[in-house]
Amino acid sequence: MKRISILTALLFCSVLSQAQQWVSTQFTFETKVRQYKTYHQSAGQQNMKVVLMLHGLGGTMNDVDLTNWKAIADTANLLLVSPQALDYSIPLAGSLGPTWNSGIVLTNTPLGDITLNPTVNDVGFLNALIDTIQQHYAIDASRIFVTGFSNGGFMTQRLACESPQKFRAAASHSGTKALPLATCSNAKTLPIAHFHGTTDATVSWNGAFTSGGLTAQAGISVDSLVRYWQLRNNTLMVDSATIGSSANAQYITHYTYKTAAGSDKVELFKIHNGTHTWYNYNTTNNSFDLANETWKFFNKQGASPVSLNEGLTAYRNIKLFPNPATENIHIEVEGKDHTRYMITDLTGRIIKEQTFRRDISISALPKGVFILKIFDKNGLNAVSKFVKQ
């Protein structure tokens with residue numbers, strides 16, 4: 001039974017009339033006060049998609065600030081929700097900090113078998129959190145996604161097993177599926193992506209957890225995880241591609257597993273030489289960004305067709321053709337005082353910026369979704385999304 005505090009309602013009433021930045025709030029669930037924070041670009045947004053972001057062991061709800069999710073939310077009509085786990089202490093060992101009850105049991109340690117935060121009902125809390133979000137924001141309930149890092153990745157897998165009806169898709173990072181959750185009792189399946197570094201020394205490719213000289217098996221291996229979801233989703237591997245450059249310290253081999261009907265249901269992002277780190281453009285020499293790759297996976301799983309310009313209605317619209325395009329796009333936009341144009345990816349990273357012209361070559365861009373911004377002497381004037389095929 002969940003109990004939503006009066007404080008929550010008062011906080012929502014006071015902030016929804018304003019343009020929002022991050023807003024921190026809380027509610028009481030099963031006698032425990034639970035904290036979370038939310039972000040969306042501006043007040044009055046409708047039909048927002050939702051990304052639930054789960055932090056790692058010992059982390060906090062503010063860890064999302066180390067990612068590029070906020071930049072994506074600014075152009076993709078997203079509501080970001082970042083909750084915080086409750087602290088957990090191991091007798092004789094001390095505090096682990098905020099820890100999700102993701103089903104992990106560390107076996108055969110010097111302290112015996114250790115179950116992480118076993119008395120906390122985090123599956124129930126996160127389900128209640130989604131219900132709370134639905135009550136207070138104008139969201140698209142068919143497009144709620146969950147992702148998490150490390151312990152949050154394990155928690156993502158537990159939600160995919162036990163509460164798949166709440167989500168459209170899930171993506172785990174650097175954390176597999178806890179050993180006790182070897183099979184999922186819920187019959188519903190989800191599209192799943194998993195990201196993992198080949199040299200992760202905290203949660204290894206084989207699912208072993210190492211910290212402070214302690215090593216114990218925490219979850220199944222990455223290979224077993226992918227095979228499990230491949231069988232559940234009835235998929236075959238049909239493609240692999242490289243993201244980034246193999247000349248860099250880290251790069252990704254991206255494996256795609258499709259159903260017979262051609263849907264991308266399972267994806268593996270193998271980060272070569274990757275450690276237990278959330279990678280973004282700043283740490284990969286602009287080679288790849290895990291938030292961006294996660295969002296591209298989620299965005300394939302839309303329940304209905306999405307307008308290319310969804311979430312960009314605050315600016316004058318641009319007519320682009322052809323769109324999608326492969327070589328060139330032509331621009332039609334009102335006004336005569338345009339000074340320059342800028343092309344960014346969905347995280348806001350600038351790909352190209354030049355003096356304004358009505359015909360633009362995009363042949364050098366990789367395949368994907370991009371944002372075209374037109375500036376005049378007063379600043380940003382018009383915005384549109386386009387697809388490079």
# chains A, B, ... in the order shown; residues from 1 in each chain; ligands from 1

call {"tool": "residues_around", "arguments": {"residues": "Leu380 in chain A", "least_positions_apart": "2", "cutoff": "12 Å", "atoms": "only C-alpha atoms", "output": "PyMOL selection string"}}
result
chain A and resi 314-317+337-342+372-378+382-384

call {"tool": "residues_around", "arguments": {"residues": "Asp122 in chain A", "least_positions_apart": "4", "cutoff": "9 Å", "atoms": "only C-alpha atoms", "output": "compact mmCIF listing (two decimals) with N, CA and C atoms, in the first residue's frame"}}
result
# COMPACT_ATOMS: atom_id res chain seq x y z
N ALA A 85 18.09 5.48 -4.04
CA ALA A 85 17.94 4.29 -3.22
C ALA A 85 18.16 4.63 -1.75
N TRP A 100 20.27 -0.23 -4.27
CA TRP A 100 19.00 -0.80 -4.75
C TRP A 100 18.91 -2.27 -4.37
N ASN A 101 17.73 -2.70 -3.94
CA ASN A 101 17.47 -4.12 -3.76
C ASN A 101 17.16 -4.71 -5.12
N SER A 102 18.22 -5.00 -5.86
CA SER A 102 18.09 -5.48 -7.24
C SER A 102 18.10 -6.99 -7.33
N LEU A 126 9.47 1.89 -7.05
CA LEU A 126 9.60 2.44 -8.40
C LEU A 126 8.30 2.34 -9.18
N ASN A 127 7.51 1.30 -8.93
CA ASN A 127 6.17 1.24 -9.52
C ASN A 127 5.30 2.38 -9.00
N MET A 155 19.17 -3.30 -11.13
CA MET A 155 17.80 -2.95 -10.78
C MET A 155 16.93 -2.82 -12.03

call {"tool": "residues_around", "arguments": {"residues": "range 135-145 of chain A", "least_positions_apart": "6", "cutoff": "8 Å", "atoms": "only C-alpha atoms", "output": "list in words"}}
result
Phe12, Gln45, Gln46, Asn47, Met48, Lys49, Val50, Val51, Leu52, Leu79, Lys166, Phe167, Arg168, Ala169, Ala170, Phe298, Gly302 and Ala303 of chain A

call {"tool": "write_last_selection", "arguments": {"atoms": "C-alpha atoms", "output": "compact mmCIF listing (two decimals), in the first residue's frame"}}
result
# COMPACT_ATOMS: atom_id res chain seq x y z
CA PHE A 12 3.85 19.94 -7.51
CA GLN A 45 4.64 20.22 -22.05
CA GLN A 46 2.19 17.54 -23.11
CA ASN A 47 2.49 13.86 -23.97
CA MET A 48 6.02 13.65 -22.61
CA LYS A 49 8.01 10.46 -22.85
CA VAL A 50 9.63 9.37 -19.57
CA VAL A 51 13.12 8.07 -18.81
CA LEU A 52 13.67 6.61 -15.34
CA LEU A 79 10.53 13.96 -18.59
CA LYS A 166 5.26 -0.46 -16.69
CA PHE A 167 7.83 0.09 -19.43
CA ARG A 168 8.19 0.30 -23.19
CA ALA A 169 11.87 -0.74 -23.13
CA ALA A 170 14.82 -1.07 -20.76
CA PHE A 298 14.52 3.79 -26.79
CA GLY A 302 7.85 4.21 -29.84
CA ALA A 303 4.29 2.99 -29.49

call {"tool": "residues_around", "arguments": {"residues": "range 267-273 of chain A", "least_positions_apart": "5", "cutoff": "8 Å", "atoms": "only C-alpha atoms", "output": "PDB file with C-alpha atoms, in the first residue's frame"}}
result
ATOM      1  CA  ILE A 192      16.274  -4.796 -23.958  1.00  0.00           C
ATOM      2  CA  ALA A 193      19.657  -3.170 -24.528  1.00  0.00           C
ATOM      3  CA  HIS A 194      22.779  -3.829 -22.497  1.00  0.00           C
ATOM      4  CA  PHE A 195      26.039  -1.839 -22.348  1.00  0.00           C
ATOM      5  CA  HIS A 196      29.206  -3.311 -20.831  1.00  0.00           C
ATOM      6  CA  GLY A 197      32.949  -2.721 -20.900  1.00  0.00           C
ATOM      7  CA  THR A 198      35.249  -5.607 -21.711  1.00  0.00           C
ATOM      8  CA  THR A 199      37.720  -4.577 -18.978  1.00  0.00           C
ATOM      9  CA  VAL A 226      21.991 -11.487 -24.068  1.00  0.00           C
ATOM     10  CA  ALA A 249      41.045   4.031 -26.347  1.00  0.00           C
ATOM     11  CA  GLN A 250      37.414   2.870 -26.272  1.00  0.00           C
ATOM     12  CA  TYR A 251      34.996   2.049 -29.058  1.00  0.00           C
ATOM     13  CA  ILE A 252      31.790   0.029 -29.332  1.00  0.00           C
ATOM     14  CA  THR A 253      30.745  -3.015 -31.297  1.00  0.00           C
ATOM     15  CA  HIS A 254      26.982  -2.769 -31.541  1.00  0.00           C
ATOM     16  CA  TYR A 255      25.084  -6.053 -32.025  1.00  0.00           C
ATOM     17  CA  THR A 256      21.435  -5.952 -33.084  1.00  0.00           C
ATOM     18  CA  TYR A 257      19.037  -8.873 -32.605  1.00  0.00           C
TER      19      TYR A 257
END

call {"tool": "closest_residue", "arguments": {"among": "A:Val387, A:Glu327, A:Asp65, A:Glu293", "to": "Ile360 in chain A", "atoms": "only C-alpha atoms"}}
result
A:Glu327

call {"tool": "residues_around", "arguments": {"residues": "range 58-61 of chain A", "least_positions_apart": "6", "cutoff": "6 Å", "atoms": "only C-alpha atoms", "output": "MDAnalysis selection string"}}
result
chainID A and resid 82:84 96:98

call {"tool": "write_last_selection", "arguments": {"atoms": "C-alpha atoms", "output": "compact mmCIF listing (two decimals), in the first residue's frame"}}
result
# COMPACT_ATOMS: atom_id res chain seq x y z
CA SER A 82 15.98 10.21 -11.09
CA PRO A 83 15.14 8.45 -7.78
CA GLN A 84 17.47 7.65 -4.89
CA LEU A 96 27.58 0.82 1.25
CA GLY A 97 25.58 4.04 0.83
CA PRO A 98 22.38 4.14 -1.26

call {"tool": "select_by_dssp", "arguments": {"residues": "range 149-264 of chain A", "states": "strand (DSSP E or B)", "output": "mmCIF file with C-alpha atoms, in the first residue's frame"}}
result
data_model
loop_
_atom_site.group_PDB
_atom_site.id
_atom_site.type_symbol
_atom_site.label_atom_id
_atom_site.label_comp_id
_atom_site.auth_asym_id
_atom_site.auth_seq_id
_atom_site.Cartn_x
_atom_site.Cartn_y
_atom_site.Cartn_z
ATOM 1 C CA PHE A 149 24.169 2.031 -14.215
ATOM 2 C CA ALA A 169 11.870 -0.737 -23.134
ATOM 3 C CA ALA A 170 14.825 -1.067 -20.760
ATOM 4 C CA ALA A 171 18.587 -0.534 -20.995
ATOM 5 C CA SER A 172 21.099 -1.726 -18.396
ATOM 6 C CA HIS A 173 24.655 -0.416 -18.111
ATOM 7 C CA ALA A 178 21.177 -10.973 -10.343
ATOM 8 C CA ILE A 192 16.274 -4.796 -23.958
ATOM 9 C CA ALA A 193 19.657 -3.170 -24.528
ATOM 10 C CA HIS A 194 22.779 -3.829 -22.497
ATOM 11 C CA PHE A 195 26.039 -1.839 -22.348
ATOM 12 C CA HIS A 196 29.206 -3.311 -20.831
ATOM 13 C CA GLY A 197 32.949 -2.721 -20.900
ATOM 14 C CA VAL A 203 31.267 -5.835 -12.513
ATOM 15 C CA ALA A 208 31.522 -11.000 -10.802
ATOM 16 C CA PHE A 209 31.511 -8.038 -8.396
ATOM 17 C CA THR A 210 34.842 -6.748 -7.007
ATOM 18 C CA SER A 211 35.267 -4.015 -4.389
ATOM 19 C CA LEU A 214 36.305 -8.643 -2.110
ATOM 20 C CA THR A 215 35.230 -10.597 -5.196
ATOM 21 C CA ALA A 216 31.926 -12.449 -5.373
ATOM 22 C CA GLN A 217 29.552 -13.520 -8.109
ATOM 23 C CA GLY A 219 24.982 -11.763 -11.623
ATOM 24 C CA LEU A 236 18.332 -13.703 -34.153
ATOM 25 C CA MET A 237 21.450 -11.581 -34.561
ATOM 26 C CA VAL A 238 21.217 -9.820 -37.881
ATOM 27 C CA ASP A 239 23.744 -7.013 -37.752
ATOM 28 C CA SER A 240 26.842 -5.634 -36.067
ATOM 29 C CA ALA A 241 28.444 -2.230 -36.479
ATOM 30 C CA THR A 242 31.234 -0.151 -34.977
ATOM 31 C CA ILE A 243 30.447 3.028 -33.047
ATOM 32 C CA TYR A 251 34.996 2.049 -29.058
ATOM 33 C CA ILE A 252 31.790 0.029 -29.332
ATOM 34 C CA THR A 253 30.745 -3.015 -31.297
ATOM 35 C CA HIS A 254 26.982 -2.769 -31.541
ATOM 36 C CA TYR A 255 25.084 -6.053 -32.025
ATOM 37 C CA THR A 256 21.435 -5.952 -33.084
ATOM 38 C CA TYR A 257 19.037 -8.873 -32.605
ATOM 39 C CA LYS A 258 15.759 -8.656 -34.521
ATOM 40 C CA ASP A 264 14.962 -4.426 -32.857
#

call {"tool": "residues_around", "arguments": {"residues": "Asn233 in chain A", "least_positions_apart": "5", "cutoff": "12 Å", "atoms": "only C-alpha atoms", "output": "PyMOL selection string"}}
result
chain A and resi 187-192+226-228+257-267

call {"tool": "write_last_selection", "arguments": {"atoms": "N, CA and C atoms", "output": "short mmCIF file (atom, residue, chain, number, x, y, z; two decimals), in the first residue's frame"}}
result
data_model
loop_
_atom_site.label_atom_id
_atom_site.label_comp_id
_atom_site.auth_asym_id
_atom_site.auth_seq_id
_atom_site.Cartn_x
_atom_site.Cartn_y
_atom_site.Cartn_z
N ALA A 187 5.21 -13.02 -17.75
CA ALA A 187 5.20 -13.53 -19.13
C ALA A 187 5.47 -12.44 -20.16
N LYS A 188 5.22 -11.16 -19.81
CA LYS A 188 5.42 -10.08 -20.78
C LYS A 188 6.91 -9.86 -21.03
N THR A 189 7.27 -9.62 -22.27
CA THR A 189 8.67 -9.35 -22.61
C THR A 189 8.86 -7.88 -22.96
N LEU A 190 10.10 -7.44 -22.90
CA LEU A 190 10.45 -6.06 -23.22
C LEU A 190 11.61 -6.02 -24.21
N PRO A 191 11.67 -5.01 -25.07
CA PRO A 191 12.92 -4.75 -25.78
C PRO A 191 14.01 -4.38 -24.78
N ILE A 192 15.19 -4.96 -24.93
CA ILE A 192 16.27 -4.80 -23.96
C ILE A 192 17.57 -4.43 -24.67
N VAL A 226 22.44 -11.72 -22.69
CA VAL A 226 21.99 -11.49 -24.07
C VAL A 226 21.27 -12.71 -24.60
N ARG A 227 21.81 -13.91 -24.34
CA ARG A 227 21.14 -15.13 -24.81
C ARG A 227 19.76 -15.27 -24.17
N TYR A 228 19.65 -14.92 -22.89
CA TYR A 228 18.36 -15.04 -22.21
C TYR A 228 17.31 -14.16 -22.88
N TYR A 257 19.79 -7.62 -32.51
CA TYR A 257 19.04 -8.87 -32.61
C TYR A 257 17.59 -8.52 -32.93
N LYS A 258 17.09 -9.02 -34.04
CA LYS A 258 15.76 -8.66 -34.52
C LYS A 258 14.83 -9.86 -34.50
N THR A 259 13.53 -9.55 -34.45
CA THR A 259 12.52 -10.59 -34.60
C THR A 259 12.34 -10.88 -36.09
N ALA A 260 11.56 -11.91 -36.39
CA ALA A 260 11.29 -12.25 -37.79
C ALA A 260 10.61 -11.11 -38.52
N ALA A 261 9.85 -10.28 -37.76
CA ALA A 261 9.16 -9.14 -38.37
C ALA A 261 10.08 -7.94 -38.55
N GLY A 262 11.30 -8.03 -38.06
CA GLY A 262 12.27 -6.96 -38.27
C GLY A 262 12.39 -5.97 -37.15
N SER A 263 11.75 -6.22 -35.99
CA SER A 263 11.83 -5.28 -34.88
C SER A 263 13.13 -5.49 -34.10
N ASP A 264 13.75 -4.36 -33.68
CA ASP A 264 14.96 -4.43 -32.86
C ASP A 264 14.54 -4.66 -31.41
N LYS A 265 14.67 -5.89 -30.94
CA LYS A 265 14.20 -6.23 -29.61
C LYS A 265 15.32 -6.40 -28.59
N VAL A 266 16.53 -6.77 -29.05
CA VAL A 266 17.66 -6.97 -28.15
C VAL A 266 18.88 -6.34 -28.80
N GLU A 267 19.62 -5.55 -28.02
CA GLU A 267 20.84 -4.94 -28.54
C GLU A 267 21.94 -5.03 -27.49
#

call {"tool": "residues_around", "arguments": {"residues": "Val369 in chain A", "least_positions_apart": "3", "cutoff": "7 Å", "atoms": "only C-alpha atoms", "output": "list in words"}}
result
Asp345, Lys385, Phe386, Val387 and Lys388 of chain A

call {"tool": "select_by_dssp", "arguments": {"residues": "range 25-174 of chain A", "states": "alpha helix (DSSP H)", "output": "ChimeraX atom specification"}}
result
/A:69-76,122-136,151-162

call {"tool": "write_last_selection", "arguments": {"atoms": "N, CA and C atoms", "output": "compact mmCIF listing (two decimals), in the first residue's frame"}}
result
# COMPACT_ATOMS: atom_id res chain seq x y z
N TRP A 69 21.75 13.29 -20.39
CA TRP A 69 20.30 13.11 -20.50
C TRP A 69 19.55 14.44 -20.51
N LYS A 70 20.01 15.42 -19.78
CA LYS A 70 19.31 16.71 -19.74
C LYS A 70 19.30 17.37 -21.11
N ALA A 71 20.43 17.30 -21.82
CA ALA A 71 20.49 17.88 -23.16
C ALA A 71 19.53 17.17 -24.10
N ILE A 72 19.41 15.87 -23.97
CA ILE A 72 18.46 15.12 -24.80
C ILE A 72 17.03 15.53 -24.47
N ALA A 73 16.74 15.68 -23.18
CA ALA A 73 15.38 16.06 -22.77
C ALA A 73 14.97 17.41 -23.35
N ASP A 74 15.93 18.30 -23.53
CA ASP A 74 15.61 19.64 -24.04
C ASP A 74 15.11 19.63 -25.47
N THR A 75 15.37 18.57 -26.21
CA THR A 75 14.93 18.54 -27.61
C THR A 75 14.03 17.35 -27.94
N ALA A 76 13.80 16.46 -26.99
CA ALA A 76 13.07 15.22 -27.30
C ALA A 76 11.75 15.10 -26.53
N ASP A 122 12.13 -2.11 -3.40
CA ASP A 122 12.41 -1.11 -4.42
C ASP A 122 11.57 -1.31 -5.68
N VAL A 123 11.19 -2.53 -5.99
CA VAL A 123 10.29 -2.74 -7.13
C VAL A 123 8.97 -2.03 -6.87
N GLY A 124 8.44 -2.19 -5.67
CA GLY A 124 7.19 -1.52 -5.31
C GLY A 124 7.34 -0.01 -5.31
N PHE A 125 8.47 0.48 -4.77
CA PHE A 125 8.69 1.93 -4.75
C PHE A 125 8.73 2.52 -6.15
N LEU A 126 9.47 1.89 -7.05
CA LEU A 126 9.60 2.44 -8.40
C LEU A 126 8.30 2.34 -9.18
N ASN A 127 7.51 1.30 -8.93
CA ASN A 127 6.17 1.24 -9.52
C ASN A 127 5.30 2.38 -9.00
N ALA A 128 5.38 2.63 -7.68
CA ALA A 128 4.61 3.72 -7.09
C ALA A 128 5.08 5.08 -7.60
N LEU A 129 6.38 5.20 -7.82
CA LEU A 129 6.91 6.44 -8.36
C LEU A 129 6.35 6.72 -9.75
N ILE A 130 6.29 5.71 -10.59
CA ILE A 130 5.71 5.90 -11.93
C ILE A 130 4.25 6.31 -11.83
N ASP A 131 3.50 5.67 -10.92
CA ASP A 131 2.10 6.05 -10.72
C ASP A 131 2.00 7.51 -10.28
N THR A 132 2.90 7.93 -9.41
CA THR A 132 2.90 9.32 -8.93
C THR A 132 3.20 10.29 -10.06
N ILE A 133 4.16 9.95 -10.89
CA ILE A 133 4.51 10.80 -12.04
C ILE A 133 3.30 10.94 -12.97
N GLN A 134 2.60 9.84 -13.19
CA GLN A 134 1.43 9.89 -14.07
C GLN A 134 0.35 10.81 -13.53
N GLN A 135 0.24 10.92 -12.21
CA GLN A 135 -0.78 11.76 -11.61
C GLN A 135 -0.47 13.25 -11.77
N HIS A 136 0.81 13.59 -11.90
CA HIS A 136 1.20 15.00 -11.81
C HIS A 136 1.78 15.58 -13.10
N ASN A 151 24.75 -1.04 -10.05
CA ASN A 151 23.65 -1.54 -9.23
C ASN A 151 22.30 -1.11 -9.82
N GLY A 152 22.29 0.08 -10.44
CA GLY A 152 21.09 0.53 -11.14
C GLY A 152 20.81 -0.28 -12.39
N GLY A 153 21.89 -0.82 -13.02
CA GLY A 153 21.70 -1.72 -14.16
C GLY A 153 21.08 -3.02 -13.72
N PHE A 154 21.55 -3.58 -12.59
CA PHE A 154 20.92 -4.77 -12.02
C PHE A 154 19.45 -4.50 -11.68
N MET A 155 19.17 -3.30 -11.13
CA MET A 155 17.80 -2.95 -10.78
C MET A 155 16.93 -2.82 -12.03
N THR A 156 17.52 -2.29 -13.10
CA THR A 156 16.80 -2.21 -14.38
C THR A 156 16.39 -3.60 -14.85
N GLN A 157 17.30 -4.55 -14.75
CA GLN A 157 16.99 -5.92 -15.15
C GLN A 157 15.90 -6.53 -14.26
N ARG A 158 15.91 -6.21 -12.96
CA ARG A 158 14.86 -6.73 -12.09
C ARG A 158 13.50 -6.17 -12.48
N LEU A 159 13.45 -4.86 -12.79
CA LEU A 159 12.18 -4.27 -13.22
C LEU A 159 11.72 -4.89 -14.54
N ALA A 160 12.64 -5.14 -15.45
CA ALA A 160 12.28 -5.77 -16.73
C ALA A 160 11.70 -7.16 -16.51
N CYS A 161 12.16 -7.83 -15.46
CA CYS A 161 11.66 -9.17 -15.14
C CYS A 161 10.32 -9.13 -14.42
N GLU A 162 10.20 -8.23 -13.43
CA GLU A 162 9.06 -8.28 -12.53
C GLU A 162 7.97 -7.24 -12.81

call {"tool": "closest_residue", "arguments": {"among": "A:Thr277, A:Gln301, A:Gln35, A:Ser174", "to": "Val222 in chain A", "atoms": "only C-alpha atoms"}}
result
A:Ser174
